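So this block is target31.cif, mmCIF, C-alpha atoms and all ligand atoms:
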```cif
data_start
#
loop_
_atom_site.label_atom_id
_atom_site.label_comp_id
_atom_site.auth_asym_id
_atom_site.auth_seq_id
_atom_site.Cartn_x
_atom_site.Cartn_y
_atom_site.Cartn_z
CA MET A 1 18.36 -18.02 -5.47
CA ALA A 2 17.26 -21.67 -5.38
CA HIS A 3 17.28 -23.30 -8.79
CA ILE A 4 13.80 -23.73 -10.25
CA THR A 5 14.12 -27.51 -10.51
CA ASP A 6 14.93 -27.70 -6.78
CA LEU A 7 11.69 -25.89 -6.12
CA ASP A 8 9.76 -28.21 -8.42
CA ALA A 9 11.17 -31.23 -6.59
CA TYR A 10 10.38 -29.59 -3.28
CA ARG A 11 6.80 -28.93 -4.41
CA ARG A 12 6.40 -32.60 -5.36
CA GLN A 13 7.79 -33.66 -1.99
CA ILE A 14 5.26 -31.44 -0.17
CA ARG A 15 2.37 -32.70 -2.29
CA ALA A 16 3.30 -36.30 -1.59
CA TRP A 17 3.49 -35.61 2.13
CA LEU A 18 0.18 -33.73 2.21
CA ALA A 19 -1.52 -36.50 0.22
CA GLN A 20 -0.81 -39.01 2.99
CA ALA A 21 -1.19 -36.63 5.95
CA THR A 22 -4.34 -36.44 8.06
CA VAL A 23 -5.31 -32.82 7.44
CA PRO A 24 -7.37 -31.60 10.41
CA GLU A 25 -10.85 -30.07 10.23
CA VAL A 26 -10.66 -26.69 11.97
CA PRO A 27 -13.56 -25.84 14.31
CA LEU A 28 -14.94 -22.28 14.10
CA ASP A 29 -14.71 -21.73 17.89
CA LEU A 30 -11.46 -20.33 19.26
CA GLU A 31 -10.66 -23.03 21.85
CA GLY A 32 -11.21 -25.83 19.37
CA ARG A 33 -9.26 -24.00 16.68
CA PHE A 34 -6.32 -23.36 19.02
CA THR A 35 -6.08 -27.00 20.16
CA VAL A 36 -6.35 -28.47 16.66
CA LEU A 37 -3.90 -26.01 15.08
CA ARG A 38 -1.31 -26.42 17.84
CA ALA A 39 -1.28 -30.18 17.30
CA TRP A 40 -1.11 -29.53 13.52
CA GLN A 41 1.94 -27.27 14.05
CA LYS A 42 3.72 -30.12 15.85
CA THR A 43 2.90 -32.50 12.99
CA LEU A 44 4.20 -30.00 10.42
CA TYR A 45 7.33 -29.32 12.47
CA GLU A 46 8.16 -33.00 12.82
CA ALA A 47 7.77 -33.35 9.05
CA GLY A 48 10.24 -30.46 8.53
CA PHE A 49 7.69 -27.89 7.35
CA VAL A 50 7.90 -25.20 10.06
CA GLY A 51 10.87 -22.83 10.00
CA ILE A 52 11.68 -23.80 6.41
CA SER A 53 13.89 -20.75 5.80
CA TRP A 54 15.33 -20.72 9.33
CA SER A 55 18.84 -21.96 10.07
CA LYS A 56 19.28 -25.61 10.98
CA ALA A 57 21.07 -24.56 14.19
CA VAL A 58 17.76 -23.33 15.67
CA GLY A 59 15.56 -26.15 14.43
CA GLY A 60 14.84 -24.84 10.92
CA GLN A 61 15.51 -26.40 7.53
CA GLY A 62 18.12 -23.94 6.17
CA LEU A 63 16.18 -23.42 2.90
CA THR A 64 15.11 -20.14 1.25
CA PRO A 65 12.01 -17.88 1.49
CA LEU A 66 11.07 -19.31 -1.94
CA HIS A 67 10.80 -22.78 -0.42
CA GLN A 68 8.64 -21.31 2.33
CA LEU A 69 6.39 -19.73 -0.29
CA VAL A 70 6.06 -23.02 -2.20
CA PHE A 71 5.07 -24.74 1.04
CA SER A 72 2.47 -22.06 1.91
CA GLU A 73 0.99 -22.40 -1.59
CA GLU A 74 0.74 -26.17 -1.41
CA LEU A 75 -0.64 -26.11 2.12
CA ALA A 76 -3.42 -23.71 1.13
CA ARG A 77 -4.17 -25.55 -2.13
CA ALA A 78 -4.59 -28.80 -0.19
CA GLY A 79 -7.19 -27.03 1.96
CA ALA A 80 -4.88 -27.50 4.95
CA PRO A 81 -4.65 -24.86 7.70
CA GLN A 82 -1.66 -22.80 8.77
CA PRO A 83 0.01 -23.61 12.12
CA ILE A 84 -1.23 -21.62 15.14
CA GLY A 85 2.02 -20.07 16.38
CA LEU A 86 2.49 -17.51 13.62
CA ILE A 87 3.31 -14.59 15.95
CA GLY A 88 6.34 -16.66 16.91
CA VAL A 89 7.17 -18.15 13.51
CA ASP A 90 6.45 -15.16 11.25
CA VAL A 91 6.84 -12.13 13.52
CA VAL A 92 9.04 -12.21 16.67
CA GLY A 93 11.01 -15.43 16.12
CA LYS A 94 13.07 -14.16 13.20
CA SER A 95 14.21 -11.16 15.27
CA ILE A 96 15.31 -13.51 18.06
CA GLU A 97 17.17 -15.59 15.48
CA THR A 98 19.00 -12.47 14.26
CA TYR A 99 19.57 -10.53 17.49
CA GLY A 100 19.10 -13.11 20.27
CA ARG A 101 21.71 -14.52 22.62
CA GLU A 102 22.99 -18.02 22.13
CA TRP A 103 20.85 -19.54 24.90
CA GLN A 104 17.74 -17.79 23.52
CA ARG A 105 18.31 -19.15 20.04
CA GLU A 106 19.21 -22.65 21.20
CA GLN A 107 16.63 -23.14 23.94
CA LEU A 108 13.68 -21.03 22.83
CA LEU A 109 13.53 -21.21 19.05
CA PRO A 110 13.11 -24.99 18.50
CA ARG A 111 10.14 -24.95 20.94
CA LEU A 112 8.75 -21.85 19.21
CA LEU A 113 8.83 -23.65 15.86
CA SER A 114 7.31 -26.88 17.19
CA GLY A 115 4.43 -25.02 18.87
CA ASP A 116 5.47 -26.35 22.29
CA ASP A 117 5.77 -22.67 23.21
CA ILE A 118 3.31 -20.11 21.93
CA TRP A 119 4.59 -16.54 21.70
CA CYS A 120 2.95 -13.15 21.92
CA GLN A 121 4.16 -9.70 20.92
CA GLY A 122 3.95 -7.15 23.77
CA PHE A 123 4.36 -3.89 21.88
CA SER A 124 1.11 -1.83 21.89
CA GLU A 125 -0.10 -0.03 24.99
CA PRO A 126 -3.34 1.84 25.79
CA GLU A 127 -1.70 5.19 24.93
CA SER A 128 0.95 3.91 22.51
CA GLY A 129 -0.12 2.20 19.31
CA SER A 130 0.77 4.17 16.19
CA ASP A 131 3.20 6.21 18.25
CA LEU A 132 4.80 3.07 19.63
CA ALA A 133 8.00 4.83 20.73
CA SER A 134 6.00 6.69 23.40
CA LEU A 135 5.45 3.41 25.30
CA ARG A 136 5.49 3.66 29.09
CA THR A 137 5.96 0.11 30.40
CA ARG A 138 9.14 0.37 32.49
CA ALA A 139 11.90 -2.12 33.21
CA ARG A 140 14.47 -1.15 35.85
CA ILE A 141 17.53 -3.23 36.64
CA GLU A 142 17.92 -4.58 40.19
CA GLY A 143 20.96 -6.83 40.56
CA ASP A 144 20.76 -9.41 37.79
CA GLU A 145 17.04 -8.90 37.14
CA PHE A 146 14.72 -6.53 35.28
CA VAL A 147 11.71 -5.45 37.32
CA ILE A 148 8.87 -4.72 34.89
CA ASN A 149 5.77 -2.59 35.53
CA GLY A 150 3.18 -1.44 33.01
CA GLN A 151 0.38 -2.49 30.69
CA LYS A 152 0.11 -3.81 27.13
CA VAL A 153 -3.06 -4.16 25.06
CA TRP A 154 -4.30 -5.93 21.91
CA THR A 155 -1.71 -8.63 22.65
CA SER A 156 -2.77 -11.51 20.39
CA TRP A 157 -2.82 -14.95 22.04
CA ALA A 158 -1.33 -13.58 25.33
CA HIS A 159 -3.69 -15.81 27.37
CA LYS A 160 -2.34 -18.88 25.54
CA ALA A 161 1.30 -17.82 25.33
CA GLN A 162 4.28 -19.21 27.24
CA TRP A 163 6.53 -16.33 26.14
CA CYS A 164 6.21 -12.63 25.30
CA ALA A 165 8.58 -10.45 23.26
CA LEU A 166 8.19 -7.26 25.26
CA LEU A 167 9.20 -3.67 24.58
CA ALA A 168 9.92 -1.75 27.77
CA ARG A 169 11.49 1.59 28.59
CA THR A 170 14.79 1.11 30.36
CA ASP A 171 16.01 4.73 30.21
CA ALA A 172 13.32 7.31 30.94
CA ASP A 173 15.67 10.26 30.31
CA ALA A 174 16.71 9.30 26.77
CA PRO A 175 14.86 10.56 23.65
CA LYS A 176 11.77 8.36 23.11
CA HIS A 177 13.17 6.09 20.36
CA ARG A 178 16.22 5.40 22.49
CA GLY A 179 16.02 3.97 25.99
CA ILE A 180 13.70 1.11 24.88
CA SER A 181 14.78 -2.52 25.37
CA TYR A 182 13.55 -5.78 23.83
CA ILE A 183 13.04 -8.31 26.64
CA LEU A 184 11.76 -11.90 26.59
CA VAL A 185 9.28 -12.59 29.37
CA ASP A 186 8.15 -16.03 30.55
CA MET A 187 4.36 -15.53 30.83
CA SER A 188 4.19 -17.77 33.93
CA THR A 189 6.35 -15.30 35.92
CA PRO A 190 4.53 -13.98 39.02
CA GLY A 191 2.96 -10.54 38.36
CA VAL A 192 1.94 -11.19 34.73
CA THR A 193 -1.85 -11.12 34.17
CA ALA A 194 -3.47 -11.58 30.74
CA ARG A 195 -7.15 -10.64 30.44
CA PRO A 196 -8.84 -11.65 27.18
CA LEU A 197 -10.78 -9.08 25.10
CA VAL A 198 -13.56 -10.14 22.73
CA GLN A 199 -13.26 -9.05 19.08
CA MET A 200 -16.17 -8.38 16.70
CA THR A 201 -15.67 -11.93 15.35
CA GLY A 202 -16.84 -13.16 18.78
CA ASP A 203 -13.40 -14.64 19.53
CA ASP A 204 -11.25 -13.50 22.44
CA GLU A 205 -8.06 -13.77 20.46
CA PHE A 206 -6.26 -10.83 22.03
CA CYS A 207 -5.76 -9.51 25.57
CA GLU A 208 -4.77 -6.69 27.83
CA VAL A 209 -1.68 -7.72 29.79
CA PHE A 210 -0.59 -6.28 33.13
CA PHE A 211 2.95 -6.41 34.52
CA GLU A 212 3.27 -5.79 38.26
CA ASP A 213 6.82 -6.05 39.65
CA VAL A 214 7.59 -8.84 37.19
CA ARG A 215 11.17 -10.09 37.75
CA VAL A 216 12.99 -11.36 34.68
CA PRO A 217 16.72 -12.30 34.41
CA VAL A 218 18.80 -9.65 32.61
CA GLY A 219 19.94 -12.50 30.34
CA ASN A 220 16.48 -12.30 28.73
CA LEU A 221 17.48 -9.06 27.01
CA VAL A 222 17.66 -9.34 23.21
CA GLY A 223 20.43 -7.25 21.64
CA LYS A 224 21.81 -4.36 23.68
CA LEU A 225 20.29 -2.46 26.60
CA HIS A 226 18.30 0.62 25.47
CA GLU A 227 18.67 -0.41 21.79
CA GLY A 228 15.45 -2.35 21.34
CA TRP A 229 13.87 0.08 18.88
CA ALA A 230 15.88 -1.21 15.91
CA ILE A 231 14.91 -4.79 16.83
CA ALA A 232 11.26 -3.74 17.09
CA GLN A 233 11.54 -2.35 13.54
CA ASP A 234 12.92 -5.69 12.40
CA THR A 235 9.97 -7.50 14.03
CA LEU A 236 7.44 -5.12 12.46
CA SER A 237 9.12 -5.61 9.10
CA HIS A 238 8.47 -9.36 9.37
CA GLU A 239 4.86 -8.65 10.37
CA ARG A 240 4.39 -6.38 7.35
CA GLY A 241 6.41 -8.29 4.74
CA SER A 242 6.75 -12.03 5.47
CA TYR A 243 3.25 -12.32 6.87
CA THR A 244 1.88 -10.90 3.62
CA LEU A 245 3.45 -13.78 1.68
CA ARG A 246 1.56 -16.35 3.73
CA ARG A 247 -1.75 -14.47 3.80
CA ARG A 248 -1.71 -13.81 0.03
CA VAL A 249 -2.03 -17.51 -0.66
CA GLU A 250 -5.00 -17.74 1.69
CA TYR A 251 -6.88 -14.98 -0.16
CA GLU A 252 -6.20 -16.69 -3.45
CA VAL A 253 -7.61 -19.97 -2.17
CA ALA A 254 -10.61 -18.13 -0.67
CA VAL A 255 -11.48 -16.61 -4.06
CA GLU A 256 -11.02 -19.98 -5.80
CA GLU A 257 -13.25 -21.64 -3.20
CA ALA A 258 -16.00 -19.02 -3.58
CA VAL A 259 -15.89 -19.36 -7.38
CA ARG A 260 -16.05 -23.17 -7.11
CA ASP A 261 -19.06 -23.04 -4.76
CA LEU A 262 -20.80 -20.55 -7.04
CA ARG A 263 -20.10 -22.73 -10.09
CA ASP A 264 -21.47 -25.82 -8.30
CA HIS A 265 -24.56 -23.82 -7.39
CA VAL A 266 -25.06 -22.78 -11.03
CA ASP A 267 -24.66 -26.40 -12.16
CA GLU A 268 -27.17 -27.65 -9.58
CA THR A 269 -29.84 -24.97 -9.97
CA GLY A 270 -29.32 -23.79 -13.54
CA THR A 271 -29.56 -20.17 -12.29
CA GLU A 272 -27.03 -17.83 -13.87
CA PRO A 273 -25.41 -15.34 -11.44
CA SER A 274 -25.94 -11.66 -12.26
CA ASP A 275 -23.18 -9.51 -13.76
CA TRP A 276 -22.93 -7.80 -10.38
CA VAL A 277 -22.11 -11.07 -8.61
CA LEU A 278 -19.50 -11.92 -11.25
CA GLU A 279 -18.01 -8.46 -10.91
CA GLN A 280 -17.56 -8.93 -7.14
CA LEU A 281 -15.58 -12.12 -7.66
CA GLY A 282 -13.72 -10.80 -10.71
CA ARG A 283 -12.43 -7.77 -8.81
CA SER A 284 -11.27 -10.02 -5.96
CA TYR A 285 -9.43 -12.29 -8.38
CA THR A 286 -7.66 -9.33 -10.01
CA ALA A 287 -6.64 -7.93 -6.64
CA VAL A 288 -5.19 -11.28 -5.54
CA ARG A 289 -3.16 -11.56 -8.76
CA SER A 290 -1.73 -8.04 -8.23
CA LEU A 291 -0.74 -8.96 -4.67
CA GLU A 292 0.97 -12.07 -6.00
CA ALA A 293 3.10 -9.92 -8.33
CA LEU A 294 4.04 -7.66 -5.44
CA THR A 295 5.02 -10.55 -3.18
CA ARG A 296 7.43 -11.87 -5.82
CA ARG A 297 9.38 -8.66 -5.33
CA THR A 298 9.19 -9.15 -1.55
CA ILE A 299 10.83 -12.56 -1.93
CA GLU A 300 13.59 -10.98 -4.01
CA ARG A 301 14.11 -8.38 -1.28
CA GLN A 302 14.26 -11.09 1.38
CA LEU A 303 16.81 -13.06 -0.60
CA ALA A 304 18.89 -9.88 -1.03
CA GLY A 305 18.62 -9.08 2.71
CA ASP A 306 16.75 -5.82 1.98
CA ILE A 307 14.80 -5.92 5.25
CA PRO A 308 13.60 -3.90 7.13
CA SER A 309 12.62 -1.50 4.37
CA PRO A 310 9.89 1.12 3.85
CA LEU A 311 8.75 -1.21 1.05
CA ASP A 312 7.38 -3.48 3.83
CA SER A 313 4.72 -0.79 4.26
CA VAL A 314 3.68 -1.20 0.62
CA ASP A 315 3.21 -4.92 1.31
CA LYS A 316 1.19 -4.29 4.45
CA LEU A 317 -1.01 -1.65 2.83
CA SER A 318 -1.65 -3.92 -0.15
CA LEU A 319 -2.38 -6.90 2.11
CA ASN A 320 -4.97 -4.84 3.94
CA GLU A 321 -6.66 -3.58 0.79
CA VAL A 322 -6.77 -6.99 -0.88
CA GLU A 323 -7.96 -8.80 2.27
CA GLN A 324 -10.80 -6.34 2.80
CA LEU A 325 -11.78 -6.33 -0.87
CA VAL A 326 -11.85 -10.14 -1.10
CA TYR A 327 -13.92 -10.80 2.01
CA THR A 328 -16.22 -7.80 1.53
CA SER A 329 -16.92 -8.87 -2.06
CA ILE A 330 -17.68 -12.47 -1.12
CA THR A 331 -19.91 -11.32 1.74
CA ASN A 332 -21.65 -8.88 -0.62
CA VAL A 333 -22.59 -11.84 -2.80
CA LEU A 334 -24.34 -13.38 0.22
CA GLY A 335 -26.48 -10.23 0.49
CA PRO A 336 -29.11 -10.45 3.25
CA PHE A 337 -28.33 -14.17 3.73
CA ARG A 338 -25.18 -13.13 5.59
CA LEU A 339 -27.36 -12.18 8.57
CA ALA A 340 -28.87 -15.65 9.10
CA ALA A 341 -26.96 -17.99 11.43
CA ASP A 342 -27.24 -20.80 8.88
CA GLY A 343 -27.39 -18.52 5.81
CA VAL A 344 -26.36 -20.01 2.48
CA ALA A 345 -26.70 -18.11 -0.80
CA PHE A 346 -25.28 -18.84 -4.26
CA GLY A 347 -23.70 -21.93 -2.68
CA LEU A 348 -21.71 -19.77 -0.24
CA ASP A 349 -21.69 -20.63 3.46
CA GLY A 350 -22.70 -17.46 5.39
CA PRO A 351 -21.22 -17.93 8.88
CA ARG A 352 -17.79 -18.92 7.57
CA TRP A 353 -17.47 -15.97 5.16
CA VAL A 354 -18.94 -13.45 7.58
CA LYS A 355 -16.34 -14.41 10.20
CA ASP A 356 -13.53 -13.90 7.67
CA HIS A 357 -15.15 -10.60 6.64
CA TYR A 358 -15.24 -9.36 10.26
CA TYR A 359 -11.63 -10.45 10.80
CA SER A 360 -10.56 -8.60 7.66
CA ARG A 361 -11.53 -5.28 9.31
CA ALA A 362 -8.49 -5.76 11.59
CA ALA A 363 -6.09 -5.87 8.63
CA SER A 364 -5.98 -2.07 8.41
CA ILE A 365 -5.00 -1.89 12.12
CA TYR A 366 -2.66 -4.70 13.22
CA GLY A 367 1.04 -4.42 12.40
CA GLY A 368 0.58 -0.62 12.11
CA THR A 369 -2.52 1.08 10.69
CA SER A 370 -3.00 1.91 7.03
CA GLN A 371 -2.64 5.62 7.76
CA ILE A 372 0.76 4.95 9.33
CA GLN A 373 1.84 2.83 6.33
CA LYS A 374 0.79 5.69 4.04
CA ASN A 375 2.83 8.14 6.15
CA ILE A 376 5.90 5.87 5.85
CA ILE A 377 5.43 5.49 2.09
CA GLY A 378 4.89 9.24 1.65
CA GLU A 379 7.85 10.31 3.74
CA ARG A 380 10.42 7.55 3.17
CA LEU A 381 9.69 6.31 -0.35
CA LEU A 382 8.25 9.41 -2.01
CA GLY A 383 10.24 12.01 -0.06
CA LEU A 384 7.14 14.04 0.83
CA PRO A 385 7.29 16.40 3.83
CA ARG A 386 6.18 15.02 7.23
CA GLY A 387 2.51 15.40 8.07
C1 LIG B 401 -6.50 -8.03 15.46
C2 LIG B 401 -5.40 -7.22 16.09
C3 LIG B 401 -4.32 -7.86 16.63
C4 LIG B 401 -3.30 -7.14 17.25
N1 LIG B 401 -2.27 -7.82 17.82
C5 LIG B 401 -1.29 -7.14 18.44
C6 LIG B 401 -0.25 -7.83 19.10
O1 LIG B 401 -0.20 -9.06 19.12
N2 LIG B 401 0.69 -7.11 19.74
C7 LIG B 401 0.69 -5.75 19.76
O2 LIG B 401 1.60 -5.16 20.34
N3 LIG B 401 -0.30 -5.04 19.16
C8 LIG B 401 -1.30 -5.72 18.50
N4 LIG B 401 -2.31 -5.02 17.89
C9 LIG B 401 -2.38 -3.57 18.07
C10 LIG B 401 -2.04 -2.76 16.82
O3 LIG B 401 -0.69 -2.81 16.51
C11 LIG B 401 -2.51 -1.32 17.13
O4 LIG B 401 -3.91 -1.36 17.29
C12 LIG B 401 -2.13 -0.36 16.05
O5 LIG B 401 -0.75 -0.14 16.02
C13 LIG B 401 -2.85 0.99 16.19
O6 LIG B 401 -2.67 1.51 17.47
P1 LIG B 401 -3.92 2.02 18.33
O7 LIG B 401 -4.95 0.95 18.35
O8 LIG B 401 -3.40 2.51 19.63
O9 LIG B 401 -4.54 3.22 17.51
P2 LIG B 401 -4.05 4.74 17.51
O10 LIG B 401 -2.56 4.80 17.36
O11 LIG B 401 -4.64 5.44 18.69
O12 LIG B 401 -4.70 5.29 16.17
C14 LIG B 401 -6.08 5.68 16.10
C15 LIG B 401 -6.34 6.21 14.70
O13 LIG B 401 -5.54 7.37 14.45
C16 LIG B 401 -4.76 7.19 13.27
N5 LIG B 401 -3.44 7.82 13.46
C17 LIG B 401 -2.65 7.74 14.56
N6 LIG B 401 -1.50 8.42 14.33
C18 LIG B 401 -1.56 8.92 13.07
C19 LIG B 401 -0.69 9.70 12.27
N7 LIG B 401 0.52 10.09 12.71
N8 LIG B 401 -1.08 10.01 11.01
C20 LIG B 401 -2.30 9.60 10.51
N9 LIG B 401 -3.18 8.88 11.25
C21 LIG B 401 -2.82 8.54 12.51
C22 LIG B 401 -4.62 5.69 13.12
O14 LIG B 401 -4.35 5.32 11.78
C23 LIG B 401 -5.97 5.19 13.61
O15 LIG B 401 -6.92 5.29 12.56
C24 LIG B 401 -3.35 -5.72 17.27
C25 LIG B 401 -4.45 -5.07 16.69
C26 LIG B 401 -5.46 -5.80 16.12
C27 LIG B 401 -6.63 -5.07 15.51
#
```

I'd like the structure from this file rewritten - as structure tokens, please.
Ligand SMILES: Cc1cc2nc3c(=O)[nH]c(=O)nc-3n(C[C@H](O)[C@H](O)[C@H](O)COP(=O)(O)OP(=O)(O)OC[C@H]3O[C@@H](n4cnc5c(N)ncnc54)[C@H](O)[C@@H]3O)c2cc1C
Amino acid sequence: MAHITDLDAYRRQIRAWLAQATVPEVPLDLEGRFTVLRAWQKTLYEAGFVGISWSKAVGGQGLTPLHQLVFSEELARAGAPQPIGLIGVDVVGKSIETYGREWQREQLLPRLLSGDDIWCQGFSEPESGSDLASLRTRARIEGDEFVINGQKVWTSWAHKAQWCALLARTDADAPKHRGISYILVDMSTPGVTARPLVQMTGDDEFCEVFFEDVRVPVGNLVGKLHEGWAIAQDTLSHERGSYTLRRRVEYEVAVEEAVRDLRDHVDETGTEPSDWVLEQLGRSYTAVRSLEALTRRTIERQLAGDIPSPLDSVDKLSLNEVEQLVYTSITNVLGPFRLAADGVAFGLDGPRWVKDHYYSRAASIYGGTSQIQKNIIGERLLGLPRG
């Protein structure tokens, strides 16, 4: 584990850098947000702040998950946004670093970290979400190519992505968890079509993706043929565990921001908030502190290499519950003002918080639903019978 003084020095270094950096304003609309955050990722990468815990050989900094956490904390506290390519950086990229071939690691990962390439995760299908192993997208081998046919859905950022980490069935006769392969697909390959879907936030952040006779070199396989399921578990573990570390800091800053706006409002108007309003914010604060305690254990697990683990499901379930509690509570404070396009109440800006509140509804679905996390916890941590 990194010595505490190293981390203190690292924190000071980040603060000094952020103090002189031009931190971008992030537009609410998706196109504007994507453009600004992609440029911001490049700036962060060039300063050595993307891929902090990744190996130097693939463009990272060779530091620890603790250094990554310190950076996420300082970034959020400075009011600075996260980079855009988090599906690559926090979810699929680490699996490619662990299981990928040399060319994949050397050629693809530095561009993934810099944001030159945006990645998407092609796992879920119309009939295969929770029961992911039942997926039906097929990849057959012809000469030195895979020929891929099928459909994915809910694929975040697929319409913006250069690359997709795809799960496809390569052996239809094997039991369903076997016979699946993990294949990297260049999204500009003929036969790939990404059609955006609009979420309740109003953004078309995810897509349905169609693969029609898509030809991909067999060298794009990650790990071994038919053995992609274990790699998919590794990817999902990053989505459930590492992602929670980053998001936790954002909730904490959201609560602090709401409290600060409310306090300013009280100072300006002299109106005291009701006990009910204070209770909403107090419960959010407590939930964020509990999540912080949990994520300290996650860091210890990461440092000890205890990943993937059913404990990732505890992280994901907790992330979901805290995210929904925080944004629901803040939106509750807005009361009927949340419905007005320019609604402001108790110093809180309606449209901004309502968007976060709508997005928080997805937290109990993406990365595996809450019911599925509870099943994993029940069966694998508590030893309860299936079902
Ligand atoms: C914002 C967002 C982004 C996403 N991004 C991606 C992405 O980039 N890539 C990707 O591959 N996928 C992505 N997903 C898809 C996500 O992983 C799936 O939606 C999720 O796994 C659930 O699958 P499903 O939608 O097919 O629901 P279903 O599996 O059909 O589930 C429907 C309901 O039944 C419940 N259920 C199902 N099985 C069980 C069971 N055994 N026990 C108890 N309850 C059960 C579920 O909990 C749920 O409430 C995203 C989803 C969202 C919301």

Sorted per-residue table, chain A near ligand LIG 401 (chain B), closest atoms and distance, 8 Å, all atoms listed in the file, as JSON lines:
```
{"residue": "A:Ile87", "atom": "CA", "partner": "B:LIG401", "partner_atom": "O1", "distance": 7.3}
{"residue": "A:Cys120", "atom": "CA", "partner": "B:LIG401", "partner_atom": "O1", "distance": 5.9}
{"residue": "A:Gln121", "atom": "CA", "partner": "B:LIG401", "partner_atom": "N2", "distance": 4.5}
{"residue": "A:Gly122", "atom": "CA", "partner": "B:LIG401", "partner_atom": "O2", "distance": 4.6}
{"residue": "A:Phe123", "atom": "CA", "partner": "B:LIG401", "partner_atom": "O2", "distance": 3.4}
{"residue": "A:Ser124", "atom": "CA", "partner": "B:LIG401", "partner_atom": "O2", "distance": 3.7}
{"residue": "A:Glu125", "atom": "CA", "partner": "B:LIG401", "partner_atom": "O8", "distance": 6.8}
{"residue": "A:Pro126", "atom": "CA", "partner": "B:LIG401", "partner_atom": "O8", "distance": 6.2}
{"residue": "A:Glu127", "atom": "CA", "partner": "B:LIG401", "partner_atom": "O8", "distance": 6.2}
{"residue": "A:Ser128", "atom": "CA", "partner": "B:LIG401", "partner_atom": "O8", "distance": 5.4}
{"residue": "A:Gly129", "atom": "CA", "partner": "B:LIG401", "partner_atom": "O6", "distance": 3.2}
{"residue": "A:Ser130", "atom": "CA", "partner": "B:LIG401", "partner_atom": "O10", "distance": 3.6}
{"residue": "A:Asp131", "atom": "CA", "partner": "B:LIG401", "partner_atom": "O10", "distance": 6.0}
{"residue": "A:Leu132", "atom": "CA", "partner": "B:LIG401", "partner_atom": "O5", "distance": 7.4}
{"residue": "A:Lys152", "atom": "CA", "partner": "B:LIG401", "partner_atom": "O2", "distance": 7.1}
{"residue": "A:Val153", "atom": "CA", "partner": "B:LIG401", "partner_atom": "N3", "distance": 6.6}
{"residue": "A:Trp154", "atom": "CA", "partner": "B:LIG401", "partner_atom": "C8", "distance": 4.5}
{"residue": "A:Thr155", "atom": "CA", "partner": "B:LIG401", "partner_atom": "O1", "distance": 3.9}
{"residue": "A:Ser156", "atom": "CA", "partner": "B:LIG401", "partner_atom": "O1", "distance": 3.8}
{"residue": "A:Trp157", "atom": "CA", "partner": "B:LIG401", "partner_atom": "O1", "distance": 7.1}
{"residue": "A:Ala158", "atom": "CA", "partner": "B:LIG401", "partner_atom": "O1", "distance": 7.8}
{"residue": "A:Gln199", "atom": "CA", "partner": "B:LIG401", "partner_atom": "C1", "distance": 7.7}
{"residue": "A:Glu205", "atom": "CA", "partner": "B:LIG401", "partner_atom": "C1", "distance": 7.8}
{"residue": "A:Phe206", "atom": "CA", "partner": "B:LIG401", "partner_atom": "C3", "distance": 6.5}
{"residue": "A:Tyr359", "atom": "CA", "partner": "B:LIG401", "partner_atom": "C1", "distance": 7.3}
{"residue": "A:Arg361", "atom": "CA", "partner": "B:LIG401", "partner_atom": "C27", "distance": 7.9}
{"residue": "A:Ala362", "atom": "CA", "partner": "B:LIG401", "partner_atom": "C27", "distance": 4.4}
{"residue": "A:Ala363", "atom": "CA", "partner": "B:LIG401", "partner_atom": "C27", "distance": 6.9}
{"residue": "A:Ser364", "atom": "CA", "partner": "B:LIG401", "partner_atom": "C27", "distance": 7.7}
{"residue": "A:Ile365", "atom": "CA", "partner": "B:LIG401", "partner_atom": "C27", "distance": 4.9}
{"residue": "A:Tyr366", "atom": "CA", "partner": "B:LIG401", "partner_atom": "C25", "distance": 3.9}
{"residue": "A:Gly367", "atom": "CA", "partner": "B:LIG401", "partner_atom": "O3", "distance": 4.7}
{"residue": "A:Gly368", "atom": "CA", "partner": "B:LIG401", "partner_atom": "O5", "distance": 4.2}
{"residue": "A:Thr369", "atom": "CA", "partner": "B:LIG401", "partner_atom": "O14", "distance": 4.7}
{"residue": "A:Ser370", "atom": "CA", "partner": "B:LIG401", "partner_atom": "O14", "distance": 6.0}
{"residue": "A:Gln371", "atom": "CA", "partner": "B:LIG401", "partner_atom": "O14", "distance": 4.4}
{"residue": "A:Ile372", "atom": "CA", "partner": "B:LIG401", "partner_atom": "N8", "distance": 5.6}
{"residue": "A:Asn375", "atom": "CA", "partner": "B:LIG401", "partner_atom": "N8", "distance": 6.5}
{"residue": "A:Gly387", "atom": "CA", "partner": "B:LIG401", "partner_atom": "N8", "distance": 7.1}
```

Range 171-199 of chain A near range 112-119 of chain A within 10 Å: what's each residue's closest atom pair and its distance in Å to one decimal, counting all atoms listed in the file, ordered by chain then ascending residue number, as CSV?
```
residue,atom,partner,partner_atom,distance
A:Leu184,CA,A:Trp119,CA,9.8
A:Val185,CA,A:Trp119,CA,9.8
A:Asp186,CA,A:Trp119,CA,9.6
A:Met187,CA,A:Trp119,CA,9.2
```

Query - Contact residues around range 235-238 of chain A with only C-alpha atoms at 8 Å, ignoring same-chain residues under 2 positions, as an MDAnalysis selection string - result: chainID A and resid 90:92 94:95 231:233 240:243 307:309 312 367

Query raised in the report: Pick the closest to Ala168 in chain A from A:Tyr99, A:Trp40, A:Phe146, A:Tyr327: which is it, counting all atoms listed in the file?
Result: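 Checking each candidate against Ala168 in chain A, we get A:Phe146 as the closest.
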
List the spatial neighbours of Leu63 in chain A as a CSV table (one decimal) with C-alpha atoms, in the coordinates of the input - criterion: any atom at most 9 Å away, only C-alpha atoms, same-chain residues fewer than 6 positions off excluded.
```csv
chain,number,residue,atom,x,y,z
A,2,ALA,CA,17.3,-21.7,-5.4
A,51,GLY,CA,10.9,-22.8,10.0
A,52,ILE,CA,11.7,-23.8,6.4
A,53,SER,CA,13.9,-20.8,5.8
A,54,TRP,CA,15.3,-20.7,9.3
A,55,SER,CA,18.8,-22.0,10.1
A,56,LYS,CA,19.3,-25.6,11.0
```
